[in-house]
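Q: mmCIF, C-alpha atoms, file work01.cif:
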data_query
loop_
_atom_site.group_PDB
_atom_site.id
_atom_site.type_symbol
_atom_site.label_atom_id
_atom_site.label_comp_id
_atom_site.auth_asym_id
_atom_site.auth_seq_id
_atom_site.Cartn_x
_atom_site.Cartn_y
_atom_site.Cartn_z
ATOM 1 C CA MET H 1 183.051 104.675 43.405
ATOM 2 C CA GLU H 2 181.583 104.434 46.953
ATOM 3 C CA ASN H 3 179.912 107.556 48.408
ATOM 4 C CA ARG H 4 182.053 109.361 50.924
ATOM 5 C CA THR H 5 180.675 111.021 54.034
ATOM 6 C CA ASP H 6 182.224 113.740 56.126
ATOM 7 C CA SER H 7 183.396 111.093 58.590
ATOM 8 C CA ASP H 8 185.244 109.333 55.747
ATOM 9 C CA HIS H 9 186.861 112.672 54.968
ATOM 10 C CA ASP H 10 187.994 113.066 58.588
ATOM 11 C CA PHE H 11 189.567 109.601 58.377
ATOM 12 C CA LEU H 12 191.954 111.007 55.800
ATOM 13 C CA ALA H 13 192.671 114.121 57.845
ATOM 14 C CA ASP H 14 194.699 114.429 61.003
ATOM 15 C CA GLY H 15 193.774 116.535 63.971
ATOM 16 C CA ASP H 16 195.289 119.709 62.494
ATOM 17 C CA GLY H 17 193.206 119.478 59.315
ATOM 18 C CA PHE H 18 195.961 118.113 57.047
ATOM 19 C CA ILE H 19 194.844 115.533 54.521
ATOM 20 C CA LYS H 20 197.251 112.623 54.971
ATOM 21 C CA LEU H 21 196.997 111.707 51.323
ATOM 22 C CA LEU H 22 198.283 115.150 50.343
ATOM 23 C CA GLU H 23 201.320 115.106 52.600
ATOM 24 C CA HIS H 24 203.291 113.666 49.691
ATOM 25 C CA ARG H 25 204.364 116.659 47.650
ATOM 26 C CA SER H 26 203.664 115.044 44.276
ATOM 27 C CA ARG H 27 200.063 114.236 45.211
ATOM 28 C CA PHE H 28 199.633 117.711 46.659
ATOM 29 C CA THR H 29 201.087 119.266 43.502
ATOM 30 C CA ILE H 30 198.829 117.151 41.282
ATOM 31 C CA LEU H 31 195.758 118.615 42.971
ATOM 32 C CA ILE H 32 197.142 122.149 42.809
ATOM 33 C CA LEU H 33 197.843 121.743 39.102
ATOM 34 C CA LEU H 34 194.303 120.492 38.516
ATOM 35 C CA ALA H 35 192.899 123.402 40.524
ATOM 36 C CA ARG H 36 194.811 125.832 38.323
ATOM 37 C CA HIS H 37 194.257 124.114 34.970
ATOM 38 C CA ASP H 38 191.150 122.399 33.697
ATOM 39 C CA ALA H 39 192.683 119.059 32.783
ATOM 40 C CA LEU H 40 196.101 117.453 32.418
ATOM 41 C CA ASN H 41 197.072 114.124 30.951
ATOM 42 C CA PHE H 42 199.476 111.521 32.321
ATOM 43 C CA ARG H 43 202.366 112.577 30.114
ATOM 44 C CA ARG H 44 202.045 116.231 31.130
ATOM 45 C CA PHE H 45 202.095 115.282 34.815
ATOM 46 C CA LYS H 46 205.207 113.202 34.164
ATOM 47 C CA ASP H 47 206.938 116.128 32.389
ATOM 48 C CA LEU H 48 206.097 118.534 35.206
ATOM 49 C CA LEU H 49 206.643 116.320 38.235
ATOM 50 C CA HIS H 50 209.630 114.299 36.933
ATOM 51 C CA GLU H 51 208.208 111.119 38.408
ATOM 52 C CA THR H 52 208.617 107.624 36.972
ATOM 53 C CA ASP H 53 205.617 106.036 35.264
ATOM 54 C CA GLY H 54 205.151 103.632 38.157
ATOM 55 C CA ASN H 55 205.296 106.253 40.914
ATOM 56 C CA LEU H 56 203.082 108.686 39.059
ATOM 57 C CA GLY H 57 200.568 105.979 38.246
ATOM 58 C CA ALA H 58 200.439 104.973 41.897
ATOM 59 C CA HIS H 59 199.870 108.575 43.036
ATOM 60 C CA LEU H 60 197.091 109.139 40.520
ATOM 61 C CA ARG H 61 195.455 105.833 41.366
ATOM 62 C CA LYS H 62 195.419 106.693 45.073
ATOM 63 C CA LEU H 63 193.895 110.091 44.341
ATOM 64 C CA GLU H 64 191.314 108.518 42.078
ATOM 65 C CA GLU H 65 190.451 105.794 44.629
ATOM 66 C CA HIS H 66 189.734 108.487 47.213
ATOM 67 C CA GLY H 67 187.584 110.413 44.774
ATOM 68 C CA PHE H 68 189.873 113.449 44.535
ATOM 69 C CA VAL H 69 190.437 113.234 40.788
ATOM 70 C CA ALA H 70 188.315 112.017 37.913
ATOM 71 C CA VAL H 71 189.897 110.287 34.965
ATOM 72 C CA ARG H 72 188.692 110.212 31.381
ATOM 73 C CA LYS H 73 190.271 107.790 28.964
ATOM 74 C CA ALA H 74 190.490 108.847 25.349
ATOM 75 C CA PHE H 75 192.209 107.711 22.181
ATOM 76 C CA GLU H 76 194.489 110.155 20.403
ATOM 77 C CA LYS H 77 196.299 109.068 17.288
ATOM 78 C CA ARG H 78 195.252 105.506 18.164
ATOM 79 C CA LYS H 79 197.014 105.637 21.531
ATOM 80 C CA PRO H 80 195.172 105.563 24.868
ATOM 81 C CA VAL H 81 195.483 108.828 26.789
ATOM 82 C CA SER H 82 194.240 109.441 30.338
ATOM 83 C CA TRP H 83 193.004 112.941 31.174
ATOM 84 C CA TYR H 84 192.601 113.979 34.806
ATOM 85 C CA THR H 85 190.344 116.628 36.329
ATOM 86 C CA LEU H 86 189.783 117.752 39.901
ATOM 87 C CA SER H 87 186.589 116.489 41.532
ATOM 88 C CA ALA H 88 184.465 118.512 43.940
ATOM 89 C CA GLU H 89 185.737 116.305 46.746
ATOM 90 C CA GLY H 90 189.314 116.872 45.647
ATOM 91 C CA ARG H 91 188.781 120.635 45.604
ATOM 92 C CA LYS H 92 187.339 120.481 49.121
ATOM 93 C CA ALA H 93 190.253 118.367 50.372
ATOM 94 C CA LEU H 94 192.783 120.680 48.738
ATOM 95 C CA HIS H 95 191.150 123.709 50.305
ATOM 96 C CA GLN H 96 191.238 122.054 53.729
ATOM 97 C CA HIS H 97 194.888 121.028 53.330
ATOM 98 C CA VAL H 98 195.958 124.499 52.134
ATOM 99 C CA SER H 99 194.108 126.123 55.047
ATOM 100 C CA ALA H 100 195.965 123.831 57.436
ATOM 101 C CA LEU H 101 199.261 124.750 55.745
ATOM 102 C CA ARG H 102 198.485 128.453 56.078
ATOM 103 C CA ALA H 103 197.783 127.995 59.768
ATOM 104 C CA LEU H 104 201.036 126.067 60.183
ATOM 105 C CA THR H 105 203.220 128.525 58.253
ATOM 106 C CA ALA H 106 201.797 131.415 60.245
ATOM 107 C CA ASN H 107 203.447 129.832 63.298
ATOM 108 C CA LEU H 108 206.698 128.701 61.676
ATOM 109 C CA ASP H 109 209.830 130.810 61.409
ATOM 110 C CA LEU H 110 210.363 130.538 57.636
ATOM 111 C CA PRO H 111 213.103 132.693 56.061
ATOM 112 C CA SER H 112 211.714 135.579 54.021
ATOM 113 C CA THR H 113 212.088 135.337 50.214
ATOM 114 C CA MET A 1 206.236 118.483 59.251
ATOM 115 C CA ASN A 2 209.380 120.553 59.753
ATOM 116 C CA ALA A 3 210.179 123.988 58.345
ATOM 117 C CA PRO A 4 213.081 123.094 55.976
ATOM 118 C CA ARG A 5 211.121 120.227 54.432
ATOM 119 C CA LEU A 6 208.026 122.386 54.148
ATOM 120 C CA GLU A 7 210.070 125.093 52.443
ATOM 121 C CA GLN A 8 211.510 122.536 49.999
ATOM 122 C CA ASP A 9 208.072 121.161 49.227
ATOM 123 C CA LEU A 10 206.624 124.630 48.645
ATOM 124 C CA ASP A 11 209.564 125.503 46.386
ATOM 125 C CA PHE A 12 208.876 122.336 44.441
ATOM 126 C CA VAL A 13 205.223 123.303 44.022
ATOM 127 C CA ARG A 14 206.163 126.817 42.973
ATOM 128 C CA HIS A 15 208.586 125.599 40.288
ATOM 129 C CA VAL A 16 206.099 123.111 38.918
ATOM 130 C CA LEU A 17 203.401 125.788 38.744
ATOM 131 C CA ASP A 18 205.807 128.115 36.925
ATOM 132 C CA ASP A 19 206.613 125.361 34.427
ATOM 133 C CA SER A 20 202.922 124.753 33.872
ATOM 134 C CA THR A 21 202.176 128.372 32.946
ATOM 135 C CA PRO A 22 200.795 128.480 29.380
ATOM 136 C CA SER A 23 203.083 130.121 26.824
ATOM 137 C CA ALA A 24 202.285 133.521 25.300
ATOM 138 C CA GLY A 25 201.562 131.923 21.935
ATOM 139 C CA VAL A 26 201.617 128.775 19.909
ATOM 140 C CA ARG A 27 204.225 128.171 17.228
ATOM 141 C CA SER A 28 201.737 127.159 14.543
ATOM 142 C CA ILE A 29 199.717 130.318 15.200
ATOM 143 C CA TYR A 30 202.799 132.537 14.916
ATOM 144 C CA PHE A 31 203.697 130.826 11.631
ATOM 145 C CA PHE A 32 200.161 131.183 10.284
ATOM 146 C CA TRP A 33 200.030 134.938 10.902
ATOM 147 C CA ALA A 34 203.608 135.515 9.747
ATOM 148 C CA THR A 35 202.705 133.842 6.449
ATOM 149 C CA ALA A 36 199.416 135.733 6.162
ATOM 150 C CA ILE A 37 201.241 139.029 6.731
ATOM 151 C CA LEU A 38 203.995 138.161 4.235
ATOM 152 C CA VAL A 39 201.330 137.448 1.609
ATOM 153 C CA GLY A 40 198.719 140.037 2.539
ATOM 154 C CA MET A 41 200.717 143.186 3.266
ATOM 155 C CA PRO A 42 202.628 143.377 -0.062
ATOM 156 C CA LEU A 43 199.241 143.361 -1.799
ATOM 157 C CA GLY A 44 199.104 147.024 -0.825
ATOM 158 C CA ASP A 45 202.003 147.691 -3.223
ATOM 159 C CA PHE A 46 201.228 145.255 -6.036
ATOM 160 C CA ARG A 47 197.443 144.582 -5.936
ATOM 161 C CA PRO A 48 195.879 147.217 -3.652
ATOM 162 C CA GLU A 49 192.371 146.384 -4.872
ATOM 163 C CA TRP A 50 192.739 142.854 -3.434
ATOM 164 C CA MET A 51 193.935 143.980 -0.024
ATOM 165 C CA PRO A 52 190.579 144.776 1.649
ATOM 166 C CA PHE A 53 189.052 141.487 0.483
ATOM 167 C CA PHE A 54 192.125 139.537 1.613
ATOM 168 C CA TRP A 55 192.090 140.944 5.141
ATOM 169 C CA MET A 56 188.334 140.901 5.589
ATOM 170 C CA THR A 57 188.541 137.156 4.848
ATOM 171 C CA VAL A 58 191.828 136.190 6.474
ATOM 172 C CA GLY A 59 191.258 138.375 9.547
ATOM 173 C CA PRO A 60 188.121 136.705 10.942
ATOM 174 C CA GLY A 61 188.888 133.364 9.286
ATOM 175 C CA GLY A 62 192.389 133.419 10.693
ATOM 176 C CA TRP A 63 190.993 134.085 14.159
ATOM 177 C CA VAL A 64 188.887 130.915 13.916
ATOM 178 C CA ILE A 65 191.865 128.944 12.604
ATOM 179 C CA SER A 66 194.034 130.319 15.427
ATOM 180 C CA ALA A 67 191.470 129.211 18.017
ATOM 181 C CA PHE A 68 191.550 125.703 16.552
ATOM 182 C CA LEU A 69 195.364 125.649 16.436
ATOM 183 C CA GLY A 70 195.492 126.816 20.059
ATOM 184 C CA TYR A 71 193.067 124.107 21.157
ATOM 185 C CA ARG A 72 195.029 121.471 19.250
ATOM 186 C CA ALA A 73 198.323 122.648 20.755
ATOM 187 C CA SER A 74 196.834 122.436 24.258
ATOM 188 C CA LYS A 75 195.716 118.873 23.623
ATOM 189 C CA GLN A 76 199.108 117.902 22.224
ATOM 190 C CA ASN A 77 200.791 119.532 25.219
ATOM 191 C CA GLY A 78 198.595 117.510 27.576
ATOM 192 C CA GLN A 79 197.189 120.516 29.404
ATOM 193 C CA MET A 80 193.801 122.150 28.861
ATOM 194 C CA ASP A 81 193.184 125.693 30.119
ATOM 195 C CA ARG A 82 189.729 126.764 29.077
ATOM 196 C CA SER A 83 189.885 130.179 30.739
ATOM 197 C CA ALA A 84 193.314 130.938 29.246
ATOM 198 C CA GLY A 85 192.053 129.930 25.818
ATOM 199 C CA LEU A 86 188.954 132.113 26.156
ATOM 200 C CA ARG A 87 191.100 135.074 27.241
ATOM 201 C CA GLN A 88 193.299 134.688 24.179
ATOM 202 C CA ALA A 89 190.285 134.303 21.876
ATOM 203 C CA ALA A 90 188.618 137.397 23.356
ATOM 204 C CA HIS A 91 191.784 139.486 23.152
ATOM 205 C CA TRP A 92 192.540 138.742 19.507
ATOM 206 C CA GLY A 93 188.846 138.642 18.557
ATOM 207 C CA ALA A 94 188.440 142.178 19.881
ATOM 208 C CA MET A 95 191.327 143.281 17.667
ATOM 209 C CA VAL A 96 189.747 141.696 14.585
ATOM 210 C CA LEU A 97 186.404 143.307 15.411
ATOM 211 C CA VAL A 98 187.852 146.772 15.971
ATOM 212 C CA ILE A 99 189.885 146.686 12.764
ATOM 213 C CA SER A 100 186.769 145.573 10.881
ATOM 214 C CA LEU A 101 184.860 148.515 12.355
ATOM 215 C CA VAL A 102 187.665 150.940 11.520
ATOM 216 C CA ALA A 103 187.266 149.864 7.879
ATOM 217 C CA LEU A 104 183.825 151.513 7.938
ATOM 218 C CA LEU A 105 185.393 154.940 8.445
ATOM 219 C CA PRO A 106 186.867 155.392 4.945
ATOM 220 C CA TYR A 107 183.885 153.541 3.506
ATOM 221 C CA LYS A 108 181.594 156.220 4.968
ATOM 222 C CA GLY A 109 183.984 158.967 3.907
ATOM 223 C CA PHE A 110 185.061 160.021 7.389
ATOM 224 C CA ILE A 111 188.722 159.420 6.639
ATOM 225 C CA PRO A 112 190.647 158.844 3.389
ATOM 226 C CA TRP A 113 191.515 155.252 2.508
ATOM 227 C CA GLU A 114 195.210 156.132 2.763
ATOM 228 C CA ALA A 115 194.778 156.654 6.509
ATOM 229 C CA MET A 116 193.670 153.042 7.053
ATOM 230 C CA GLY A 117 197.186 151.664 6.851
ATOM 231 C CA PRO A 118 198.746 153.713 9.658
ATOM 232 C CA ILE A 119 195.639 153.331 11.828
ATOM 233 C CA VAL A 120 195.616 149.531 11.468
ATOM 234 C CA LEU A 121 199.343 149.381 12.237
ATOM 235 C CA LEU A 122 198.809 151.467 15.373
ATOM 236 C CA LEU A 123 196.003 149.107 16.415
ATOM 237 C CA LEU A 124 198.273 146.112 15.832
ATOM 238 C CA THR A 125 201.021 147.773 17.884
ATOM 239 C CA LEU A 126 198.616 148.479 20.745
ATOM 240 C CA THR A 127 197.108 144.974 20.688
ATOM 241 C CA TYR A 128 200.505 143.282 20.740
ATOM 242 C CA CYS A 129 201.713 145.591 23.531
ATOM 243 C CA LEU A 130 198.697 144.671 25.634
ATOM 244 C CA ALA A 131 199.247 141.005 24.761
ATOM 245 C CA ALA A 132 202.847 141.338 25.965
ATOM 246 C CA ILE A 133 201.526 142.613 29.310
ATOM 247 C CA HIS A 134 198.877 139.919 29.744
ATOM 248 C CA PHE A 135 200.296 136.862 27.979
ATOM 249 C CA GLY A 136 204.076 137.175 27.713
ATOM 250 C CA ARG A 137 206.817 139.711 27.071
ATOM 251 C CA ILE A 138 207.944 137.958 23.899
ATOM 252 C CA LEU A 139 205.018 139.645 22.123
ATOM 253 C CA LEU A 140 206.789 142.985 22.527
ATOM 254 C CA VAL A 141 208.918 142.013 19.535
ATOM 255 C CA PRO A 142 206.059 141.932 17.005
ATOM 256 C CA ALA A 143 204.656 145.053 18.719
ATOM 257 C CA LEU A 144 207.931 146.828 18.012
ATOM 258 C CA MET A 145 207.947 145.584 14.416
ATOM 259 C CA PHE A 146 204.412 146.890 13.823
ATOM 260 C CA ALA A 147 205.396 150.213 15.370
ATOM 261 C CA MET A 148 208.271 150.359 12.875
ATOM 262 C CA GLY A 149 205.716 149.532 10.200
ATOM 263 C CA TYR A 150 203.699 152.542 11.297
ATOM 264 C CA GLY A 151 206.838 154.662 10.939
ATOM 265 C CA THR A 152 207.349 153.186 7.463
ATOM 266 C CA MET A 153 203.873 154.252 6.393
ATOM 267 C CA LEU A 154 204.528 157.781 7.614
ATOM 268 C CA PHE A 155 207.736 158.155 5.615
ATOM 269 C CA GLN A 156 206.487 156.278 2.544
ATOM 270 C CA PRO A 157 209.665 154.680 1.119
ATOM 271 C CA PRO A 158 209.292 152.585 -2.061
ATOM 272 C CA TYR A 159 207.125 149.486 -1.489
ATOM 273 C CA PRO A 160 206.082 150.502 2.039
ATOM 274 C CA TRP A 161 203.558 147.671 2.450
ATOM 275 C CA THR A 162 206.114 145.063 1.496
ATOM 276 C CA ILE A 163 208.462 146.465 4.131
ATOM 277 C CA VAL A 164 205.622 146.341 6.678
ATOM 278 C CA GLY A 165 204.942 142.731 5.757
ATOM 279 C CA ILE A 166 208.585 141.759 6.181
ATOM 280 C CA LEU A 167 208.831 143.574 9.524
ATOM 281 C CA GLY A 168 205.671 141.935 10.863
ATOM 282 C CA ALA A 169 206.743 138.481 9.711
ATOM 283 C CA ILE A 170 210.194 138.917 11.281
ATOM 284 C CA GLY A 171 208.569 139.851 14.598
ATOM 285 C CA LEU A 172 206.280 136.824 14.565
ATOM 286 C CA PHE A 173 208.917 134.322 13.388
ATOM 287 C CA PHE A 174 211.271 135.632 16.081
ATOM 288 C CA SER A 175 208.575 135.174 18.721
ATOM 289 C CA ALA A 176 207.873 131.639 17.505
ATOM 290 C CA PHE A 177 211.483 130.506 17.796
ATOM 291 C CA ALA A 178 212.378 132.508 20.915
ATOM 292 C CA GLU A 179 209.411 131.200 22.864
ATOM 293 C CA GLU A 180 210.069 127.581 21.957
ATOM 294 C CA SER A 181 213.764 127.794 22.800
ATOM 295 C CA SER A 182 213.069 129.452 26.159
ATOM 296 C CA ARG A 183 210.864 126.503 27.069
ATOM 297 C CA GLY A 184 213.531 124.036 26.024
ATOM 298 C CA LYS A 185 211.503 122.524 23.192
#
As structure tokens, please, write out the structure in this file.

A:
Amino acid sequence: MENRTDSDHDFLADGDGFIKLLEHRSRFTILILLARHDALNFRRFKDLLHETDGNLGAHLRKLEEHGFVAVRKAFEKRKPVSWYTLSAEGRKALHQHVSALRALTANLDLPST
Amino acid sequence: MNAPRLEQDLDFVRHVLDDSTPSAGVRSIYFFWATAILVGMPLGDFRPEWMPFFWMTVGPGGWVISAFLGYRASKQNGQMDRSAGLRQAAHWGAMVLVISLVALLPYKGFIPWEAMGPIVLLLLTLTYCLAAIHFGRILLVPALMFAMGYGTMLFQPPYPWTIVGILGAIGLFFSAFAEESSRGK
């Protein structure tokens, strides 16, 4: 995994602080889930996000390539299982993206719940 | 990014987070304690001399077994929540510890042995009520059953401990099946 610098981070972000990679709601939700829970495996993500294997695999690969999630492969009952955790870089990116969302929603006229 | 799409995306996130919330309990743990209560409580009617030894062994030992069953269920579910697991372990571990300490009271002669039963049932009622607040409302059912058990001990019908055991087991079996069905499993 190559080392990322702050300038690499900015490459992923637009001028308002949003992380482009997290503008897809499934990728954004994956990071939020990993921030809330310690680790989730592929099957659990699939159950929660209702994504196909191919789509989910692509999302997780992208997040892993950018260093936002770490993956640990294990064997359970002789089957390979991939467990995902949030990296420090992923936590930082999530925090930045959520801050940008907060700033945006403060200016939007969203209906009250 | 427009407002309707943002609202949809945030709703999506909210629903997924709700679905990911850990359940109040684990089926295997409910079954374990329901069985332990069905076996251990009637001892008070039929073999009262065995009852203290049974609970001083099954209480702490069962807590360790429950921790293992909870960990295994998390792994099988594909979601690990260390802090949630530690909270559960601390909550139920505190109950086991307090009940163990209460057992010193009749041993030292501060209270008669007959008072242990109602006191333990009150402690169980309190612990399950607090668990219902912190972990999930379904645990109010066993809390209610243990409260009825306390009432049973006050009125002393025939075989009161057996009745307590049946009530407690009903509460825990109900919680096991109700929780699983509410999560669509």

Q: Using only C-alpha atoms, which chain A residues lie at most 9 Å away from chain H, written as a ChimeraX atom specification?

A: /A:1-4,6-7,9-10,12-13,16-17,19-20,75,77-84

Q: Work out how far apart CA of Phe53 (chain A) and CA of Lys108 (chain A) are and give it in Å to one decimal.

A: 17.1 Å

Q: Residues near region 57-71 of chain H, anyone? I mean within 6 Å using only C-alpha atoms, not counting same-chain ones fewer than 2 positions away, as a PDB file with C-alpha atoms, keeping the file's coordinate frame.

A:
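And here's selection00.pdb as it stands now:
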ATOM      1  CA  ASP H  53     205.617 106.036  35.264  1.00  0.00           C
ATOM      2  CA  GLY H  54     205.151 103.632  38.157  1.00  0.00           C
ATOM      3  CA  ASN H  55     205.296 106.253  40.914  1.00  0.00           C
ATOM      4  CA  TRP H  83     193.004 112.941  31.174  1.00  0.00           C
ATOM      5  CA  TYR H  84     192.601 113.979  34.806  1.00  0.00           C
ATOM      6  CA  THR H  85     190.344 116.628  36.329  1.00  0.00           C
ATOM      7  CA  LEU H  86     189.783 117.752  39.901  1.00  0.00           C
ATOM      8  CA  SER H  87     186.589 116.489  41.532  1.00  0.00           C
ATOM      9  CA  GLU H  89     185.737 116.305  46.746  1.00  0.00           C
ATOM     10  CA  GLY H  90     189.314 116.872  45.647  1.00  0.00           C
TER      11      GLY H  90
END

Q: In Å, with one decimal, what is the gap from CA of Pro42 (chain A) to CA of Trp161 (chain A)?

A: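 The value is 5.1 Å.
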
Q: Suppose you want the space between CA of Gly149 (chain A) and CA of Leu167 (chain A); what is it in Å?

A: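 These two atoms are separated by 6.8 Å.
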
Q: Would you mind telling me which residue in A:Val141, A:Pro160, A:Val64, A:Gly151 lies nearest to Leu43 (chain A) when using only C-alpha atoms?

A: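 Ranking A:Val141, A:Pro160, A:Val64, A:Gly151 by distance to Leu43 (chain A), first place goes to A:Pro160.
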
Q: Can you report as JSON the centre and edge lengths in Å, to one decimal, of an axis-aligned box around the listed atoms of region 127-143 of chain A padded with 6 Å on each side?

A:
{"center_x": 203.0, "center_y": 141.2, "center_z": 23.4, "size_x": 23.8, "size_y": 20.7, "size_z": 24.7}

Q: So which one's closest to Gly171 (chain A), A:Trp92, A:Phe135, A:Phe155, A:Tyr128? Using all atoms listed in the file, please.

A: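 Looking at the shortest contact to Gly171 (chain A), the residue is A:Tyr128.
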
Q: Assuming the input is short of atoms at region 94-107 of chain H, produce N, CA and C atoms for that part as a PDB file, in the frame of the given file.

A:
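Written file, selection_24.pdb:
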ATOM      1  N   LEU H  94     191.659 119.774  48.997  1.00  0.00           N
ATOM      2  CA  LEU H  94     192.783 120.680  48.738  1.00  0.00           C
ATOM      3  C   LEU H  94     192.621 121.962  49.541  1.00  0.00           C
ATOM      4  N   HIS H  95     191.428 122.480  49.553  1.00  0.00           N
ATOM      5  CA  HIS H  95     191.150 123.709  50.305  1.00  0.00           C
ATOM      6  C   HIS H  95     191.439 123.510  51.795  1.00  0.00           C
ATOM      7  N   GLN H  96     191.014 122.347  52.310  1.00  0.00           N
ATOM      8  CA  GLN H  96     191.238 122.054  53.729  1.00  0.00           C
ATOM      9  C   GLN H  96     192.734 121.935  54.008  1.00  0.00           C
ATOM     10  N   HIS H  97     193.457 121.240  53.119  1.00  0.00           N
ATOM     11  CA  HIS H  97     194.888 121.028  53.330  1.00  0.00           C
ATOM     12  C   HIS H  97     195.651 122.354  53.245  1.00  0.00           C
ATOM     13  N   VAL H  98     195.289 123.194  52.282  1.00  0.00           N
ATOM     14  CA  VAL H  98     195.958 124.499  52.134  1.00  0.00           C
ATOM     15  C   VAL H  98     195.674 125.384  53.347  1.00  0.00           C
ATOM     16  N   SER H  99     194.452 125.334  53.843  1.00  0.00           N
ATOM     17  CA  SER H  99     194.108 126.123  55.047  1.00  0.00           C
ATOM     18  C   SER H  99     194.964 125.675  56.229  1.00  0.00           C
ATOM     19  N   ALA H 100     195.141 124.352  56.340  1.00  0.00           N
ATOM     20  CA  ALA H 100     195.965 123.831  57.436  1.00  0.00           C
ATOM     21  C   ALA H 100     197.414 124.272  57.262  1.00  0.00           C
ATOM     22  N   LEU H 101     197.888 124.302  56.017  1.00  0.00           N
ATOM     23  CA  LEU H 101     199.261 124.750  55.745  1.00  0.00           C
ATOM     24  C   LEU H 101     199.421 126.221  56.109  1.00  0.00           C
ATOM     25  N   ARG H 102     198.432 127.012  55.769  1.00  0.00           N
ATOM     26  CA  ARG H 102     198.485 128.453  56.078  1.00  0.00           C
ATOM     27  C   ARG H 102     198.573 128.653  57.585  1.00  0.00           C
ATOM     28  N   ALA H 103     197.772 127.868  58.310  1.00  0.00           N
ATOM     29  CA  ALA H 103     197.783 127.995  59.768  1.00  0.00           C
ATOM     30  C   ALA H 103     199.145 127.578  60.313  1.00  0.00           C
ATOM     31  N   LEU H 104     199.735 126.543  59.722  1.00  0.00           N
ATOM     32  CA  LEU H 104     201.036 126.067  60.183  1.00  0.00           C
ATOM     33  C   LEU H 104     202.125 127.086  59.881  1.00  0.00           C
ATOM     34  N   THR H 105     202.144 127.606  58.643  1.00  0.00           N
ATOM     35  CA  THR H 105     203.220 128.525  58.253  1.00  0.00           C
ATOM     36  C   THR H 105     203.112 129.849  58.993  1.00  0.00           C
ATOM     37  N   ALA H 106     201.934 130.185  59.459  1.00  0.00           N
ATOM     38  CA  ALA H 106     201.797 131.415  60.245  1.00  0.00           C
ATOM     39  C   ALA H 106     202.570 131.288  61.552  1.00  0.00           C
ATOM     40  N   ASN H 107     202.760 130.038  62.019  1.00  0.00           N
ATOM     41  CA  ASN H 107     203.447 129.832  63.298  1.00  0.00           C
ATOM     42  C   ASN H 107     204.898 129.420  63.140  1.00  0.00           C
TER      43      ASN H 107
END
